[in-house]
file entry_4.pdb (PDB, C-alpha atoms, pLDDT in the B column)
MODEL        1
ATOM      1  CA  MET X   1      25.491-113.558  94.106  1.00 60.00           C
ATOM      2  CA  SER X   2      26.924-110.626  96.063  1.00 77.00           C
ATOM      3  CA  THR X   3      26.935-110.483  99.849  1.00 80.00           C
ATOM      4  CA  LEU X   4      24.285-107.760  99.490  1.00 91.00           C
ATOM      5  CA  GLY X   5      21.811-110.296  98.159  1.00 91.00           C
ATOM      6  CA  ASP X   6      19.732-109.129  95.201  1.00 95.00           C
ATOM      7  CA  ILE X   7      20.516-105.413  95.581  1.00 97.00           C
ATOM      8  CA  SER X   8      21.496-103.504  92.444  1.00 98.00           C
ATOM      9  CA  VAL X   9      22.813 -99.939  92.552  1.00 98.00           C
ATOM     10  CA  ILE X  10      21.985 -97.270  89.971  1.00 98.00           C
ATOM     11  CA  PHE X  11      24.083 -94.109  89.956  1.00 98.00           C
ATOM     12  CA  ASP X  12      23.224 -90.706  88.663  1.00 97.00           C
ATOM     13  CA  LEU X  13      26.297 -89.266  86.925  1.00 96.00           C
ATOM     14  CA  ASP X  14      26.565 -85.485  87.090  1.00 92.00           C
ATOM     15  CA  GLY X  15      27.080 -84.116  90.577  1.00 92.00           C
ATOM     16  CA  THR X  16      26.893 -87.650  92.004  1.00 97.00           C
ATOM     17  CA  LEU X  17      29.756 -89.688  90.540  1.00 97.00           C
ATOM     18  CA  VAL X  18      31.625 -86.748  89.011  1.00 96.00           C
ATOM     19  CA  ASP X  19      31.935 -83.028  89.645  1.00 93.00           C
ATOM     20  CA  SER X  20      30.640 -81.991  86.229  1.00 89.00           C
ATOM     21  CA  GLU X  21      28.256 -79.189  87.144  1.00 88.00           C
ATOM     22  CA  PRO X  22      30.904 -76.442  86.694  1.00 91.00           C
ATOM     23  CA  ASN X  23      31.418 -77.705  83.133  1.00 92.00           C
ATOM     24  CA  TYR X  24      27.670 -77.806  82.504  1.00 90.00           C
ATOM     25  CA  PHE X  25      27.357 -74.249  83.790  1.00 95.00           C
ATOM     26  CA  GLU X  26      30.152 -73.015  81.547  1.00 96.00           C
ATOM     27  CA  ALA X  27      28.742 -74.881  78.532  1.00 96.00           C
ATOM     28  CA  GLY X  28      25.362 -73.328  79.202  1.00 97.00           C
ATOM     29  CA  ARG X  29      26.836 -69.862  79.659  1.00 98.00           C
ATOM     30  CA  GLN X  30      28.753 -70.118  76.385  1.00 98.00           C
ATOM     31  CA  THR X  31      25.728 -71.454  74.529  1.00 98.00           C
ATOM     32  CA  LEU X  32      23.377 -68.749  75.762  1.00 98.00           C
ATOM     33  CA  ALA X  33      25.958 -66.025  75.138  1.00 97.00           C
ATOM     34  CA  GLY X  34      26.127 -67.176  71.526  1.00 97.00           C
ATOM     35  CA  TYR X  35      22.406 -66.425  71.232  1.00 97.00           C
ATOM     36  CA  GLY X  36      22.545 -63.051  72.963  1.00 97.00           C
ATOM     37  CA  VAL X  37      21.860 -64.041  76.595  1.00 97.00           C
ATOM     38  CA  THR X  38      24.847 -62.688  78.507  1.00 97.00           C
ATOM     39  CA  ASP X  39      23.645 -62.657  82.126  1.00 96.00           C
ATOM     40  CA  PHE X  40      23.367 -66.409  82.873  1.00 97.00           C
ATOM     41  CA  THR X  41      24.695 -66.969  86.402  1.00 97.00           C
ATOM     42  CA  TRP X  42      25.566 -69.920  88.619  1.00 95.00           C
ATOM     43  CA  ALA X  43      22.369 -69.252  90.572  1.00 94.00           C
ATOM     44  CA  ASP X  44      20.444 -69.548  87.301  1.00 95.00           C
ATOM     45  CA  HIS X  45      22.237 -72.818  86.578  1.00 94.00           C
ATOM     46  CA  GLU X  46      21.395 -74.328  89.974  1.00 89.00           C
ATOM     47  CA  ARG X  47      17.685 -74.469  89.126  1.00 88.00           C
ATOM     48  CA  TYR X  48      18.526 -77.007  86.393  1.00 90.00           C
ATOM     49  CA  VAL X  49      20.635 -79.373  88.499  1.00 85.00           C
ATOM     50  CA  GLY X  50      19.148 -82.840  88.050  1.00 79.00           C
ATOM     51  CA  ILE X  51      17.108 -81.906  84.972  1.00 83.00           C
ATOM     52  CA  SER X  52      17.935 -83.461  81.597  1.00 83.00           C
ATOM     53  CA  THR X  53      19.782 -81.344  79.046  1.00 87.00           C
ATOM     54  CA  ARG X  54      16.851 -81.538  76.635  1.00 89.00           C
ATOM     55  CA  GLU X  55      14.348 -80.332  79.233  1.00 89.00           C
ATOM     56  CA  THR X  56      16.764 -77.634  80.385  1.00 93.00           C
ATOM     57  CA  ILE X  57      17.040 -76.228  76.870  1.00 95.00           C
ATOM     58  CA  ALA X  58      13.273 -76.447  76.330  1.00 95.00           C
ATOM     59  CA  ASP X  59      12.914 -74.238  79.413  1.00 96.00           C
ATOM     60  CA  TRP X  60      15.604 -71.861  78.130  1.00 97.00           C
ATOM     61  CA  LYS X  61      13.674 -71.371  74.907  1.00 97.00           C
ATOM     62  CA  GLU X  62      10.651 -70.168  76.862  1.00 96.00           C
ATOM     63  CA  ARG X  63      12.503 -68.286  79.587  1.00 96.00           C
ATOM     64  CA  TYR X  64      14.891 -66.413  77.285  1.00 97.00           C
ATOM     65  CA  GLY X  65      12.762 -66.269  74.149  1.00 96.00           C
ATOM     66  CA  LEU X  66      15.261 -68.236  72.065  1.00 97.00           C
ATOM     67  CA  ARG X  67      14.141 -68.751  68.462  1.00 95.00           C
ATOM     68  CA  ALA X  68      16.759 -71.336  67.473  1.00 97.00           C
ATOM     69  CA  PRO X  69      15.446 -74.907  67.144  1.00 97.00           C
ATOM     70  CA  LEU X  70      15.822 -77.091  70.213  1.00 96.00           C
ATOM     71  CA  GLU X  71      17.990 -79.601  68.325  1.00 95.00           C
ATOM     72  CA  GLU X  72      20.371 -76.850  67.240  1.00 97.00           C
ATOM     73  CA  LEU X  73      20.727 -75.611  70.826  1.00 97.00           C
ATOM     74  CA  LEU X  74      21.290 -79.165  72.032  1.00 94.00           C
ATOM     75  CA  THR X  75      24.054 -79.671  69.487  1.00 95.00           C
ATOM     76  CA  VAL X  76      25.782 -76.425  70.427  1.00 97.00           C
ATOM     77  CA  LYS X  77      25.593 -77.047  74.158  1.00 95.00           C
ATOM     78  CA  ASN X  78      26.786 -80.649  73.828  1.00 91.00           C
ATOM     79  CA  ARG X  79      29.738 -79.502  71.721  1.00 94.00           C
ATOM     80  CA  HIS X  80      30.775 -76.950  74.349  1.00 95.00           C
ATOM     81  CA  TYR X  81      30.248 -79.448  77.147  1.00 90.00           C
ATOM     82  CA  LEU X  82      32.212 -82.266  75.549  1.00 90.00           C
ATOM     83  CA  GLU X  83      35.174 -79.950  74.952  1.00 91.00           C
ATOM     84  CA  LEU X  84      35.179 -79.016  78.641  1.00 90.00           C
ATOM     85  CA  ALA X  85      34.429 -82.515  79.953  1.00 86.00           C
ATOM     86  CA  ARG X  86      37.213 -84.182  77.956  1.00 84.00           C
ATOM     87  CA  ALA X  87      39.688 -81.619  79.241  1.00 83.00           C
ATOM     88  CA  ASP X  88      38.802 -81.850  82.924  1.00 84.00           C
ATOM     89  CA  THR X  89      36.207 -83.944  84.768  1.00 89.00           C
ATOM     90  CA  ARG X  90      36.951 -85.232  88.253  1.00 92.00           C
ATOM     91  CA  ALA X  91      35.371 -88.289  89.854  1.00 96.00           C
ATOM     92  CA  TYR X  92      34.603 -87.809  93.529  1.00 97.00           C
ATOM     93  CA  PRO X  93      37.174 -89.974  95.376  1.00 97.00           C
ATOM     94  CA  GLN X  94      34.720 -91.522  97.843  1.00 98.00           C
ATOM     95  CA  MET X  95      32.250 -92.276  95.040  1.00 98.00           C
ATOM     96  CA  ARG X  96      35.007 -93.981  93.070  1.00 98.00           C
ATOM     97  CA  MET X  97      35.851 -96.023  96.147  1.00 98.00           C
ATOM     98  CA  PHE X  98      32.168 -96.930  96.589  1.00 98.00           C
ATOM     99  CA  VAL X  99      31.969 -98.149  92.993  1.00 98.00           C
ATOM    100  CA  GLU X 100      35.127-100.223  93.478  1.00 98.00           C
ATOM    101  CA  VAL X 101      33.800-101.777  96.703  1.00 97.00           C
ATOM    102  CA  LEU X 102      30.502-102.686  95.028  1.00 98.00           C
ATOM    103  CA  ALA X 103      32.306-104.098  91.986  1.00 97.00           C
ATOM    104  CA  SER X 104      34.519-106.279  94.179  1.00 96.00           C
ATOM    105  CA  ASP X 105      31.393-107.538  95.925  1.00 95.00           C
ATOM    106  CA  GLY X 106      29.717-108.435  92.625  1.00 96.00           C
ATOM    107  CA  VAL X 107      26.885-105.919  92.957  1.00 97.00           C
ATOM    108  CA  PRO X 108      25.173-105.167  89.602  1.00 97.00           C
ATOM    109  CA  MET X 109      25.524-101.452  88.789  1.00 98.00           C
ATOM    110  CA  ALA X 110      24.298 -98.995  86.184  1.00 98.00           C
ATOM    111  CA  VAL X 111      24.420 -95.293  85.379  1.00 98.00           C
ATOM    112  CA  ALA X 112      21.165 -93.446  84.628  1.00 98.00           C
ATOM    113  CA  SER X 113      21.699 -89.831  83.621  1.00 95.00           C
ATOM    114  CA  GLY X 114      20.019 -86.849  82.035  1.00 89.00           C
ATOM    115  CA  SER X 115      23.133 -86.250  79.941  1.00 88.00           C
ATOM    116  CA  SER X 116      23.497 -87.269  76.307  1.00 88.00           C
ATOM    117  CA  PRO X 117      24.908 -90.735  75.509  1.00 92.00           C
ATOM    118  CA  GLU X 118      28.028 -89.065  74.068  1.00 90.00           C
ATOM    119  CA  ALA X 119      28.622 -87.080  77.261  1.00 89.00           C
ATOM    120  CA  ILE X 120      28.110 -90.102  79.507  1.00 93.00           C
ATOM    121  CA  THR X 121      30.506 -92.209  77.439  1.00 93.00           C
ATOM    122  CA  ALA X 122      33.151 -89.470  77.393  1.00 90.00           C
ATOM    123  CA  ILE X 123      33.018 -88.899  81.142  1.00 92.00           C
ATOM    124  CA  LEU X 124      33.048 -92.553  82.140  1.00 95.00           C
ATOM    125  CA  ALA X 125      35.948 -93.241  79.787  1.00 92.00           C
ATOM    126  CA  GLY X 126      37.871 -90.147  80.878  1.00 89.00           C
ATOM    127  CA  THR X 127      37.576 -90.989  84.565  1.00 94.00           C
ATOM    128  CA  GLY X 128      38.104 -94.732  84.108  1.00 94.00           C
ATOM    129  CA  LEU X 129      34.743 -95.497  85.698  1.00 97.00           C
ATOM    130  CA  ASP X 130      33.694 -97.314  82.532  1.00 96.00           C
ATOM    131  CA  ALA X 131      35.711-100.296  83.761  1.00 97.00           C
ATOM    132  CA  GLN X 132      33.077-100.983  86.428  1.00 97.00           C
ATOM    133  CA  LEU X 133      30.024 -99.160  85.049  1.00 98.00           C
ATOM    134  CA  ARG X 134      29.108-100.763  81.738  1.00 97.00           C
ATOM    135  CA  THR X 135      25.311-100.491  81.845  1.00 98.00           C
ATOM    136  CA  VAL X 136      24.316 -96.950  80.919  1.00 98.00           C
ATOM    137  CA  VAL X 137      20.995 -95.223  80.239  1.00 98.00           C
ATOM    138  CA  SER X 138      20.604 -91.657  78.972  1.00 96.00           C
ATOM    139  CA  ALA X 139      17.390 -89.678  79.300  1.00 93.00           C
ATOM    140  CA  ASP X 140      17.639 -89.302  75.509  1.00 92.00           C
ATOM    141  CA  GLU X 141      16.757 -93.010  75.274  1.00 96.00           C
ATOM    142  CA  VAL X 142      13.488 -92.879  77.212  1.00 96.00           C
ATOM    143  CA  ALA X 143      10.213 -90.999  76.911  1.00 95.00           C
ATOM    144  CA  HIS X 144      10.621 -88.718  79.926  1.00 94.00           C
ATOM    145  CA  GLY X 145      13.570 -87.479  81.965  1.00 92.00           C
ATOM    146  CA  LYS X 146      13.698 -87.089  85.736  1.00 93.00           C
ATOM    147  CA  PRO X 147      11.573 -86.577  87.845  1.00 95.00           C
ATOM    148  CA  ALA X 148       9.779 -89.252  85.796  1.00 96.00           C
ATOM    149  CA  PRO X 149      11.075 -92.739  86.702  1.00 98.00           C
ATOM    150  CA  ASP X 150      11.811 -93.822  83.107  1.00 98.00           C
ATOM    151  CA  VAL X 151      15.634 -93.800  83.188  1.00 98.00           C
ATOM    152  CA  PHE X 152      15.787 -95.770  86.426  1.00 98.00           C
ATOM    153  CA  LEU X 153      13.211 -98.316  85.311  1.00 98.00           C
ATOM    154  CA  GLU X 154      15.103 -98.806  82.037  1.00 98.00           C
ATOM    155  CA  ALA X 155      18.354 -99.255  83.964  1.00 98.00           C
ATOM    156  CA  ALA X 156      16.705-101.907  86.137  1.00 98.00           C
ATOM    157  CA  ARG X 157      15.373-103.639  83.026  1.00 98.00           C
ATOM    158  CA  ARG X 158      18.829-103.746  81.454  1.00 98.00           C
ATOM    159  CA  LEU X 159      20.309-105.112  84.682  1.00 98.00           C
ATOM    160  CA  GLY X 160      17.557-107.721  84.909  1.00 98.00           C
ATOM    161  CA  ALA X 161      16.769-106.372  88.379  1.00 98.00           C
ATOM    162  CA  ASP X 162      13.534-105.949  90.292  1.00 98.00           C
ATOM    163  CA  PRO X 163      13.003-102.180  90.801  1.00 98.00           C
ATOM    164  CA  ALA X 164      12.157-102.853  94.443  1.00 97.00           C
ATOM    165  CA  ALA X 165      15.658-104.328  94.889  1.00 97.00           C
ATOM    166  CA  CYS X 166      17.389-101.302  93.330  1.00 98.00           C
ATOM    167  CA  VAL X 167      19.063 -98.486  95.235  1.00 98.00           C
ATOM    168  CA  VAL X 168      19.596 -95.164  93.463  1.00 98.00           C
ATOM    169  CA  VAL X 169      22.447 -92.791  94.347  1.00 98.00           C
ATOM    170  CA  GLU X 170      21.398 -89.224  93.532  1.00 98.00           C
ATOM    171  CA  ASP X 171      22.421 -85.618  94.127  1.00 96.00           C
ATOM    172  CA  ALA X 172      19.307 -83.754  92.943  1.00 93.00           C
ATOM    173  CA  ALA X 173      15.705 -83.461  94.054  1.00 94.00           C
ATOM    174  CA  PRO X 174      14.256 -84.490  90.650  1.00 94.00           C
ATOM    175  CA  GLY X 175      16.380 -87.643  90.762  1.00 96.00           C
ATOM    176  CA  ALA X 176      15.237 -88.494  94.287  1.00 97.00           C
ATOM    177  CA  ALA X 177      11.643 -88.024  93.117  1.00 97.00           C
ATOM    178  CA  ALA X 178      12.305 -90.271  90.109  1.00 97.00           C
ATOM    179  CA  ALA X 179      13.757 -92.999  92.332  1.00 98.00           C
ATOM    180  CA  HIS X 180      10.704 -92.870  94.598  1.00 98.00           C
ATOM    181  CA  ALA X 181       8.365 -92.978  91.594  1.00 98.00           C
ATOM    182  CA  ALA X 182      10.247 -96.045  90.323  1.00 98.00           C
ATOM    183  CA  GLY X 183       9.699 -97.836  93.643  1.00 98.00           C
ATOM    184  CA  MET X 184      13.422 -97.748  94.435  1.00 98.00           C
ATOM    185  CA  ARG X 185      15.278 -96.773  97.579  1.00 98.00           C
ATOM    186  CA  CYS X 186      17.601 -93.786  97.414  1.00 98.00           C
ATOM    187  CA  ILE X 187      20.894 -92.629  98.866  1.00 98.00           C
ATOM    188  CA  ALA X 188      20.667 -88.846  98.520  1.00 98.00           C
ATOM    189  CA  VAL X 189      23.831 -86.737  98.408  1.00 98.00           C
ATOM    190  CA  PRO X 190      22.570 -83.205  97.657  1.00 96.00           C
ATOM    191  CA  TYR X 191      24.842 -81.313  95.273  1.00 92.00           C
ATOM    192  CA  VAL X 192      23.467 -78.095  96.752  1.00 88.00           C
ATOM    193  CA  PRO X 193      23.369 -78.816 100.512  1.00 88.00           C
ATOM    194  CA  ALA X 194      21.040 -75.859 101.052  1.00 88.00           C
ATOM    195  CA  GLN X 195      18.412 -77.828  99.113  1.00 91.00           C
ATOM    196  CA  ALA X 196      18.558 -80.810 101.498  1.00 95.00           C
ATOM    197  CA  ASP X 197      15.183 -79.819 102.961  1.00 96.00           C
ATOM    198  CA  ALA X 198      13.469 -80.214  99.593  1.00 95.00           C
ATOM    199  CA  PRO X 199      10.476 -82.533 100.066  1.00 97.00           C
ATOM    200  CA  GLU X 200      11.778 -84.902  97.380  1.00 96.00           C
ATOM    201  CA  PHE X 201      14.768 -85.763  99.571  1.00 97.00           C
ATOM    202  CA  ALA X 202      12.467 -86.727 102.449  1.00 96.00           C
ATOM    203  CA  THR X 203      11.721 -89.978 100.587  1.00 95.00           C
ATOM    204  CA  ALA X 204      15.394 -91.037 100.624  1.00 97.00           C
ATOM    205  CA  GLY X 205      16.394 -94.024 102.721  1.00 97.00           C
ATOM    206  CA  LEU X 206      19.725 -92.351 103.475  1.00 98.00           C
ATOM    207  CA  LEU X 207      20.057 -88.574 103.243  1.00 98.00           C
ATOM    208  CA  LEU X 208      23.559 -87.139 103.626  1.00 97.00           C
ATOM    209  CA  ARG X 209      22.647 -83.514 104.166  1.00 96.00           C
ATOM    210  CA  GLY X 210      26.203 -82.265 103.780  1.00 95.00           C
ATOM    211  CA  GLY X 211      26.463 -83.642 100.254  1.00 96.00           C
ATOM    212  CA  GLN X 212      29.821 -84.895  99.022  1.00 96.00           C
ATOM    213  CA  ARG X 213      31.563 -83.464 102.096  1.00 95.00           C
ATOM    214  CA  GLU X 214      29.613 -85.953 104.210  1.00 97.00           C
ATOM    215  CA  PHE X 215      29.523 -88.926 101.852  1.00 98.00           C
ATOM    216  CA  THR X 216      31.887 -91.840 102.431  1.00 98.00           C
ATOM    217  CA  ALA X 217      31.998 -95.218 100.753  1.00 98.00           C
ATOM    218  CA  ARG X 218      31.870 -96.882 104.170  1.00 97.00           C
ATOM    219  CA  THR X 219      28.741 -94.992 105.258  1.00 97.00           C
ATOM    220  CA  ALA X 220      26.923 -95.893 102.046  1.00 98.00           C
ATOM    221  CA  HIS X 221      28.066 -99.529 102.077  1.00 97.00           C
ATOM    222  CA  ASP X 222      27.163 -99.989 105.740  1.00 96.00           C
ATOM    223  CA  TRP X 223      23.668 -98.671 104.996  1.00 97.00           C
ATOM    224  CA  LEU X 224      23.319-101.124 102.115  1.00 96.00           C
ATOM    225  CA  VAL X 225      24.418-103.987 104.378  1.00 94.00           C
ATOM    226  CA  ARG X 226      21.816-103.016 106.967  1.00 91.00           C
ATOM    227  CA  SER X 227      19.107-102.633 104.331  1.00 86.00           C
ATOM    228  CA  ALA X 228      19.949-106.066 102.880  1.00 81.00           C
ATOM    229  CA  SER X 229      19.788-107.800 106.262  1.00 65.00           C
ATOM    230  CA  PRO X 230      16.614-109.622 107.293  1.00 57.00           C
ATOM    231  CA  ALA X 231      14.354-107.541 109.508  1.00 45.00           C
TER     232      ALA X 231
ENDMDL
END

call {"tool": "encode", "arguments": {"input": "entry_4.pdb", "output": "structure tokens"}}
result
Amino acid sequence: MSTLGDISVIFDLDGTLVDSEPNYFEAGRQTLAGYGVTDFTWADHERYVGISTRETIADWKERYGLRAPLEELLTVKNRHYLELARADTRAYPQMRMFVEVLASDGVPMAVASGSSPEAITAILAGTGLDAQLRTVVSADEVAHGKPAPDVFLEAARRLGADPAACVVVEDAAPGAAAAHAAGMRCIAVPYVPAQADAPEFATAGLLLRGGQREFTARTAHDWLVRSASPA
């Protein structure tokens, strides 16, 4: 058993482990442009941070009056995204270090993401994080994406972990809400620091308001050590 006792750590992927949101924005912009929507901006994209790709596109259909089938739009967006992701996706250095520290300590870990299984596999392989993160759950594999707790509960099930012993690392308010709904503690690293006051983040055990600029592997690990210690 690890020195952190029975703690397991579940990572969100996009915006948490890797800086993939610029690629998601560009994939979305290209997809929408192909269907006549040419004014999609970064500010528009930010409202979907932390929401599964399927739920994002379902909202697009209503918001932009898209007539194409949801599955067709999913296929197009995933194709654009995978082209971009395979060319250039960067793991955050301190997050990579955190994963390596946890792996060396024998802490069970998983990834639970709103991205497609193909996108998750491509990113983990491309960044080399697949060497430590072998348990993966996509929102496509469960009934409901974040802010529902389904992906985190499924990750805990696959790890054989008690949800109450799991700690989620998240960048988005829907993910923090999902962790809370799953009965898990949360390390929150807001991708958009201006959203740090969102009520969902108030449930986090550790909130790093400055996002990735403030996150360090040591800070996160020290918090886990304290949380694993007897009261």

call {"tool": "resolve_selection", "arguments": {"input": "entry_4.pdb", "expression": "the PyMOL selection byres ((chain X and resi 168-177) around 7)", "output": "ChimeraX atom specification"}}
result
/X:9-12,15-16,49-51,146-147,166-167,178-181,184-191,198,200-201,204

call {"tool": "axis_aligned_box", "arguments": {"input": "entry_4.pdb", "around": "stretch 32-38 of chain X", "padding_each_side": "4 Å", "output": "lines of an AutoDock Vina configuration file"}}
result
center_x = 24.0
center_y = -65.7
center_z = 74.9
size_x = 12.3
size_y = 14.1
size_z = 15.3

call {"tool": "closest_residue", "arguments": {"input": "entry_4.pdb", "among": "X:Leu224, X:Val76, X:Ala58, X:Ser52", "to": "X:Arg29", "atoms": "only C-alpha atoms"}}
result
X:Val76

call {"tool": "residues_around", "arguments": {"input": "entry_4.pdb", "residues": "stretch 117-129 of chain X", "least_positions_apart": "2", "cutoff": "10 Å", "atoms": "only C-alpha atoms", "output": "ChimeraX atom specification"}}
result
/X:13-14,17-18,20,78-79,81-83,85-92,96,99-100,111-115,131-134,136-141

call {"tool": "atom_distance", "arguments": {"input": "entry_4.pdb", "atom1": "atom CA of X:Glu71", "atom2": "atom CA of X:Arg158"}}
result
27.5 Å

call {"tool": "resolve_selection", "arguments": {"input": "entry_4.pdb", "expression": "the PyMOL selection byres ((chain X and resi 2) around 6)", "output": "MDAnalysis selection string"}}
result
chainID X and resid 1 3:5 105:107

call {"tool": "write_last_selection", "arguments": {"input": "entry_4.pdb", "atoms": "C-alpha atoms", "output": "compact mmCIF listing (two decimals), keeping the file's coordinate frame"}}
result
# COMPACT_ATOMS: atom_id res chain seq x y z
CA MET X 1 25.49 -113.56 94.11
CA THR X 3 26.94 -110.48 99.85
CA LEU X 4 24.28 -107.76 99.49
CA GLY X 5 21.81 -110.30 98.16
CA ASP X 105 31.39 -107.54 95.92
CA GLY X 106 29.72 -108.44 92.62
CA VAL X 107 26.88 -105.92 92.96

call {"tool": "residues_around", "arguments": {"input": "entry_4.pdb", "residues": "X:Arg226", "least_positions_apart": "2", "cutoff": "12 Å", "atoms": "only C-alpha atoms", "output": "PDB file with C-alpha atoms, keeping the file's coordinate frame"}}
result
ATOM      1  CA  THR X   3      26.935-110.483  99.849  1.00 80.00           C
ATOM      2  CA  LEU X   4      24.285-107.760  99.490  1.00 91.00           C
ATOM      3  CA  GLY X   5      21.811-110.296  98.159  1.00 91.00           C
ATOM      4  CA  ILE X   7      20.516-105.413  95.581  1.00 97.00           C
ATOM      5  CA  GLY X 205      16.394 -94.024 102.721  1.00 97.00           C
ATOM      6  CA  LEU X 206      19.725 -92.351 103.475  1.00 98.00           C
ATOM      7  CA  THR X 219      28.741 -94.992 105.258  1.00 97.00           C
ATOM      8  CA  ALA X 220      26.923 -95.893 102.046  1.00 98.00           C
ATOM      9  CA  HIS X 221      28.066 -99.529 102.077  1.00 97.00           C
ATOM     10  CA  ASP X 222      27.163 -99.989 105.740  1.00 96.00           C
ATOM     11  CA  TRP X 223      23.668 -98.671 104.996  1.00 97.00           C
ATOM     12  CA  LEU X 224      23.319-101.124 102.115  1.00 96.00           C
ATOM     13  CA  ALA X 228      19.949-106.066 102.880  1.00 81.00           C
ATOM     14  CA  SER X 229      19.788-107.800 106.262  1.00 65.00           C
ATOM     15  CA  PRO X 230      16.614-109.622 107.293  1.00 57.00           C
ATOM     16  CA  ALA X 231      14.354-107.541 109.508  1.00 45.00           C
TER      17      ALA X 231
END

call {"tool": "resolve_selection", "arguments": {"input": "entry_4.pdb", "expression": "the PyMOL selection byres ((chain X and resi 60) around 12)", "output": "PyMOL selection string"}}
result
chain X and resi 28-29+31-32+35+37+40+44-45+47-48+53-59+61-70+73-74+77

call {"tool": "write_last_selection", "arguments": {"input": "entry_4.pdb", "atoms": "C-alpha atoms", "output": "PDB file, in the frame of the given file"}}
result
ATOM      1  CA  GLY X  28      25.362 -73.328  79.202  1.00 97.00           C
ATOM      2  CA  ARG X  29      26.836 -69.862  79.659  1.00 98.00           C
ATOM      3  CA  THR X  31      25.728 -71.454  74.529  1.00 98.00           C
ATOM      4  CA  LEU X  32      23.377 -68.749  75.762  1.00 98.00           C
ATOM      5  CA  TYR X  35      22.406 -66.425  71.232  1.00 97.00           C
ATOM      6  CA  VAL X  37      21.860 -64.041  76.595  1.00 97.00           C
ATOM      7  CA  PHE X  40      23.367 -66.409  82.873  1.00 97.00           C
ATOM      8  CA  ASP X  44      20.444 -69.548  87.301  1.00 95.00           C
ATOM      9  CA  HIS X  45      22.237 -72.818  86.578  1.00 94.00           C
ATOM     10  CA  ARG X  47      17.685 -74.469  89.126  1.00 88.00           C
ATOM     11  CA  TYR X  48      18.526 -77.007  86.393  1.00 90.00           C
ATOM     12  CA  THR X  53      19.782 -81.344  79.046  1.00 87.00           C
ATOM     13  CA  ARG X  54      16.851 -81.538  76.635  1.00 89.00           C
ATOM     14  CA  GLU X  55      14.348 -80.332  79.233  1.00 89.00           C
ATOM     15  CA  THR X  56      16.764 -77.634  80.385  1.00 93.00           C
ATOM     16  CA  ILE X  57      17.040 -76.228  76.870  1.00 95.00           C
ATOM     17  CA  ALA X  58      13.273 -76.447  76.330  1.00 95.00           C
ATOM     18  CA  ASP X  59      12.914 -74.238  79.413  1.00 96.00           C
ATOM     19  CA  LYS X  61      13.674 -71.371  74.907  1.00 97.00           C
ATOM     20  CA  GLU X  62      10.651 -70.168  76.862  1.00 96.00           C
ATOM     21  CA  ARG X  63      12.503 -68.286  79.587  1.00 96.00           C
ATOM     22  CA  TYR X  64      14.891 -66.413  77.285  1.00 97.00           C
ATOM     23  CA  GLY X  65      12.762 -66.269  74.149  1.00 96.00           C
ATOM     24  CA  LEU X  66      15.261 -68.236  72.065  1.00 97.00           C
ATOM     25  CA  ARG X  67      14.141 -68.751  68.462  1.00 95.00           C
ATOM     26  CA  ALA X  68      16.759 -71.336  67.473  1.00 97.00           C
ATOM     27  CA  PRO X  69      15.446 -74.907  67.144  1.00 97.00           C
ATOM     28  CA  LEU X  70      15.822 -77.091  70.213  1.00 96.00           C
ATOM     29  CA  LEU X  73      20.727 -75.611  70.826  1.00 97.00           C
ATOM     30  CA  LEU X  74      21.290 -79.165  72.032  1.00 94.00           C
ATOM     31  CA  LYS X  77      25.593 -77.047  74.158  1.00 95.00           C
TER      32      LYS X  77
END

call {"tool": "closest_residue", "arguments": {"input": "entry_4.pdb", "among": "X:Ala161, X:Thr38, X:Leu84, X:Ala182", "to": "X:Ala148", "atoms": "all atoms listed in the file"}}
result
X:Ala182

call {"tool": "atom_distance", "arguments": {"input": "entry_4.pdb", "atom1": "atom CA of X:Arg209", "atom2": "atom CA of X:Trp42"}}
result
20.9 Å

call {"tool": "atom_distance", "arguments": {"input": "entry_4.pdb", "atom1": "atom CA of X:Gln195", "atom2": "atom CA of X:Glu46"}}
result
10.2 Å

call {"tool": "closest_residue", "arguments": {"input": "entry_4.pdb", "among": "X:Gly210, X:Ala33, X:Phe215, X:Val192", "to": "X:Glu21", "atoms": "all atoms listed in the file"}}
result
X:Val192

call {"tool": "residues_around", "arguments": {"input": "entry_4.pdb", "residues": "X:Phe98", "least_positions_apart": "4", "cutoff": "9 Å", "atoms": "only C-alpha atoms", "output": "number ranges by chain"}}
result
X: 93-94, 102-103, 216-218, 220-221
